[in-house]
Amino acid sequence: MKKERYAIPEGCRSITVESDSDKLLIRFGHLDPGEFRSELTDSLERAPIVGSVAIFWNDEAKEQAVIAKCLDWESLENGISYKANDGNWYNNAIRFRNDEQFNQIIGDEDKIH
């Protein structure tokens with residue numbers, strides 16, 4: 001059997017391999033809209049939508065990140081800007097994957113459901 005290497009395409013979310021007698025079929029699945037691979041977390045993340053809880057920050061002030069709800073967003077020439085419910089606009093945001101992730105940060109007494 002001949003071995004070959006295939007590069008995984010940018011934005012690939014999944015790989016499916018099927019066999020059919022002497023053939024292999026490889027399918028590369030793409031990211032859903034709003035998903036991206038974060039260099040910061042080295043994970044697949046989702047951009048916030050209005051009403052979702054997220055971490056917001058600006059490139060020049062990463063240490064001043066905030067956890068808030070997303071009120072609005074706008075598409076800019078160089079990316080997307082997000083408005084948090086603290087009234088400020090941020091050039092980076094990552095939506096919490098689930099409520100449990102948020103609850104682990106804030107503690108049990110302030111849980112969201």
# chains A, B, ... in the order shown; residues from 1 in each chain; ligands from 1

$ select_by_dssp --residues "chain A" --states "helix (DSSP H, G or I)" --output "PyMOL selection string"
chain A and resi 59-64+99-106+108-110

$ atom_distance --atom1 "atom CA of Cys70 of chain A" --atom2 "atom CA of Gly51 of chain A"
5.2 Å

$ select_by_dssp --residues "chain A" --states "strand (DSSP E or B)" --output "PyMOL selection string"
chain A and resi 12-20+23-30+35-38+43-46+53-57+66-76+79-84+89-90+92-95

$ decode --residues "segment 14-42 of chain A" --atoms "N, CA, C and O atoms" --output "PDB file, in the first residue's frame"
ATOM      1  N   SER A  14     -13.575  18.939  11.057  1.00  0.00           N
ATOM      2  CA  SER A  14     -13.628  17.503  11.231  1.00  0.00           C
ATOM      3  C   SER A  14     -13.070  16.796  10.005  1.00  0.00           C
ATOM      4  O   SER A  14     -13.018  17.361   8.922  1.00  0.00           O
ATOM      5  N   ILE A  15     -12.660  15.556  10.217  1.00  0.00           N
ATOM      6  CA  ILE A  15     -12.164  14.708   9.136  1.00  0.00           C
ATOM      7  C   ILE A  15     -12.912  13.383   9.233  1.00  0.00           C
ATOM      8  O   ILE A  15     -12.993  12.780  10.298  1.00  0.00           O
ATOM      9  N   THR A  16     -13.471  12.947   8.125  1.00  0.00           N
ATOM     10  CA  THR A  16     -14.164  11.667   8.060  1.00  0.00           C
ATOM     11  C   THR A  16     -13.459  10.792   7.037  1.00  0.00           C
ATOM     12  O   THR A  16     -13.152  11.251   5.938  1.00  0.00           O
ATOM     13  N   VAL A  17     -13.190   9.547   7.393  1.00  0.00           N
ATOM     14  CA  VAL A  17     -12.542   8.604   6.487  1.00  0.00           C
ATOM     15  C   VAL A  17     -13.470   7.409   6.302  1.00  0.00           C
ATOM     16  O   VAL A  17     -13.916   6.805   7.274  1.00  0.00           O
ATOM     17  N   GLU A  18     -13.775   7.106   5.044  1.00  0.00           N
ATOM     18  CA  GLU A  18     -14.613   5.958   4.718  1.00  0.00           C
ATOM     19  C   GLU A  18     -13.837   5.037   3.794  1.00  0.00           C
ATOM     20  O   GLU A  18     -13.066   5.501   2.956  1.00  0.00           O
ATOM     21  N   SER A  19     -14.051   3.742   3.941  1.00  0.00           N
ATOM     22  CA  SER A  19     -13.391   2.790   3.039  1.00  0.00           C
ATOM     23  C   SER A  19     -14.440   2.123   2.167  1.00  0.00           C
ATOM     24  O   SER A  19     -15.548   1.837   2.601  1.00  0.00           O
ATOM     25  N   ASP A  20     -14.047   1.890   0.916  1.00  0.00           N
ATOM     26  CA  ASP A  20     -14.915   1.218  -0.045  1.00  0.00           C
ATOM     27  C   ASP A  20     -14.028   0.290  -0.860  1.00  0.00           C
ATOM     28  O   ASP A  20     -13.296   0.744  -1.737  1.00  0.00           O
ATOM     29  N   SER A  21     -14.060  -0.961  -0.509  1.00  0.00           N
ATOM     30  CA  SER A  21     -13.176  -2.001  -1.077  1.00  0.00           C
ATOM     31  C   SER A  21     -11.724  -1.542  -0.998  1.00  0.00           C
ATOM     32  O   SER A  21     -11.167  -1.485   0.073  1.00  0.00           O
ATOM     33  N   ASP A  22     -11.123  -1.160  -2.081  1.00  0.00           N
ATOM     34  CA  ASP A  22      -9.701  -0.796  -2.066  1.00  0.00           C
ATOM     35  C   ASP A  22      -9.480   0.714  -2.099  1.00  0.00           C
ATOM     36  O   ASP A  22      -8.388   1.188  -2.387  1.00  0.00           O
ATOM     37  N   LYS A  23     -10.515   1.504  -1.784  1.00  0.00           N
ATOM     38  CA  LYS A  23     -10.412   2.962  -1.840  1.00  0.00           C
ATOM     39  C   LYS A  23     -10.737   3.577  -0.480  1.00  0.00           C
ATOM     40  O   LYS A  23     -11.522   3.035   0.289  1.00  0.00           O
ATOM     41  N   LEU A  24     -10.119   4.716  -0.211  1.00  0.00           N
ATOM     42  CA  LEU A  24     -10.444   5.513   0.974  1.00  0.00           C
ATOM     43  C   LEU A  24     -11.003   6.847   0.523  1.00  0.00           C
ATOM     44  O   LEU A  24     -10.454   7.485  -0.378  1.00  0.00           O
ATOM     45  N   LEU A  25     -12.068   7.283   1.158  1.00  0.00           N
ATOM     46  CA  LEU A  25     -12.655   8.578   0.888  1.00  0.00           C
ATOM     47  C   LEU A  25     -12.431   9.446   2.115  1.00  0.00           C
ATOM     48  O   LEU A  25     -12.851   9.096   3.220  1.00  0.00           O
ATOM     49  N   ILE A  26     -11.751  10.576   1.933  1.00  0.00           N
ATOM     50  CA  ILE A  26     -11.454  11.490   3.038  1.00  0.00           C
ATOM     51  C   ILE A  26     -12.258  12.766   2.816  1.00  0.00           C
ATOM     52  O   ILE A  26     -12.151  13.389   1.760  1.00  0.00           O
ATOM     53  N   ARG A  27     -13.042  13.143   3.828  1.00  0.00           N
ATOM     54  CA  ARG A  27     -13.834  14.373   3.754  1.00  0.00           C
ATOM     55  C   ARG A  27     -13.381  15.320   4.858  1.00  0.00           C
ATOM     56  O   ARG A  27     -13.240  14.916   5.999  1.00  0.00           O
ATOM     57  N   PHE A  28     -13.198  16.561   4.484  1.00  0.00           N
ATOM     58  CA  PHE A  28     -12.820  17.596   5.431  1.00  0.00           C
ATOM     59  C   PHE A  28     -14.032  18.487   5.675  1.00  0.00           C
ATOM     60  O   PHE A  28     -14.581  19.063   4.753  1.00  0.00           O
ATOM     61  N   GLY A  29     -14.459  18.575   6.945  1.00  0.00           N
ATOM     62  CA  GLY A  29     -15.593  19.434   7.300  1.00  0.00           C
ATOM     63  C   GLY A  29     -15.104  20.824   7.679  1.00  0.00           C
ATOM     64  O   GLY A  29     -14.058  20.986   8.294  1.00  0.00           O
ATOM     65  N   HIS A  30     -15.847  21.834   7.291  1.00  0.00           N
ATOM     66  CA  HIS A  30     -15.446  23.217   7.551  1.00  0.00           C
ATOM     67  C   HIS A  30     -16.109  23.778   8.799  1.00  0.00           C
ATOM     68  O   HIS A  30     -17.073  23.220   9.318  1.00  0.00           O
ATOM     69  N   LEU A  31     -15.594  24.892   9.251  1.00  0.00           N
ATOM     70  CA  LEU A  31     -16.123  25.553  10.442  1.00  0.00           C
ATOM     71  C   LEU A  31     -17.518  26.101  10.179  1.00  0.00           C
ATOM     72  O   LEU A  31     -17.843  26.509   9.067  1.00  0.00           O
ATOM     73  N   ASP A  32     -18.321  26.108  11.227  1.00  0.00           N
ATOM     74  CA  ASP A  32     -19.625  26.752  11.146  1.00  0.00           C
ATOM     75  C   ASP A  32     -19.415  28.262  11.181  1.00  0.00           C
ATOM     76  O   ASP A  32     -18.401  28.740  11.710  1.00  0.00           O
ATOM     77  N   PRO A  33     -20.365  29.026  10.645  1.00  0.00           N
ATOM     78  CA  PRO A  33     -20.238  30.486  10.736  1.00  0.00           C
ATOM     79  C   PRO A  33     -20.094  30.911  12.195  1.00  0.00           C
ATOM     80  O   PRO A  33     -20.783  30.401  13.071  1.00  0.00           O
ATOM     81  N   GLY A  34     -19.196  31.807  12.462  1.00  0.00           N
ATOM     82  CA  GLY A  34     -18.966  32.292  13.823  1.00  0.00           C
ATOM     83  C   GLY A  34     -17.917  31.513  14.586  1.00  0.00           C
ATOM     84  O   GLY A  34     -17.538  31.890  15.683  1.00  0.00           O
ATOM     85  N   GLU A  35     -17.423  30.396  14.035  1.00  0.00           N
ATOM     86  CA  GLU A  35     -16.380  29.615  14.703  1.00  0.00           C
ATOM     87  C   GLU A  35     -15.010  30.020  14.170  1.00  0.00           C
ATOM     88  O   GLU A  35     -14.873  30.405  13.015  1.00  0.00           O
ATOM     89  N   PHE A  36     -14.013  29.920  15.026  1.00  0.00           N
ATOM     90  CA  PHE A  36     -12.647  30.214  14.619  1.00  0.00           C
ATOM     91  C   PHE A  36     -11.683  29.487  15.539  1.00  0.00           C
ATOM     92  O   PHE A  36     -12.020  29.133  16.659  1.00  0.00           O
ATOM     93  N   ARG A  37     -10.493  29.240  15.057  1.00  0.00           N
ATOM     94  CA  ARG A  37      -9.449  28.640  15.890  1.00  0.00           C
ATOM     95  C   ARG A  37      -8.699  29.791  16.537  1.00  0.00           C
ATOM     96  O   ARG A  37      -8.128  30.634  15.877  1.00  0.00           O
ATOM     97  N   SER A  38      -8.702  29.816  17.861  1.00  0.00           N
ATOM     98  CA  SER A  38      -8.059  30.892  18.611  1.00  0.00           C
ATOM     99  C   SER A  38      -6.592  30.569  18.870  1.00  0.00           C
ATOM    100  O   SER A  38      -6.271  29.503  19.395  1.00  0.00           O
ATOM    101  N   GLU A  39      -5.720  31.492  18.511  1.00  0.00           N
ATOM    102  CA  GLU A  39      -4.302  31.334  18.845  1.00  0.00           C
ATOM    103  C   GLU A  39      -4.101  31.470  20.347  1.00  0.00           C
ATOM    104  O   GLU A  39      -3.200  30.865  20.917  1.00  0.00           O
ATOM    105  N   LEU A  40      -4.963  32.229  20.996  1.00  0.00           N
ATOM    106  CA  LEU A  40      -4.857  32.469  22.435  1.00  0.00           C
ATOM    107  C   LEU A  40      -5.147  31.203  23.242  1.00  0.00           C
ATOM    108  O   LEU A  40      -4.408  30.864  24.159  1.00  0.00           O
ATOM    109  N   THR A  41      -6.201  30.482  22.881  1.00  0.00           N
ATOM    110  CA  THR A  41      -6.579  29.283  23.627  1.00  0.00           C
ATOM    111  C   THR A  41      -6.150  27.997  22.931  1.00  0.00           C
ATOM    112  O   THR A  41      -6.253  26.924  23.520  1.00  0.00           O
ATOM    113  N   ASP A  42      -5.726  28.099  21.694  1.00  0.00           N
ATOM    114  CA  ASP A  42      -5.376  26.942  20.860  1.00  0.00           C
ATOM    115  C   ASP A  42      -6.538  25.957  20.783  1.00  0.00           C
ATOM    116  O   ASP A  42      -6.363  24.752  20.793  1.00  0.00           O
TER     117      ASP A  42
END
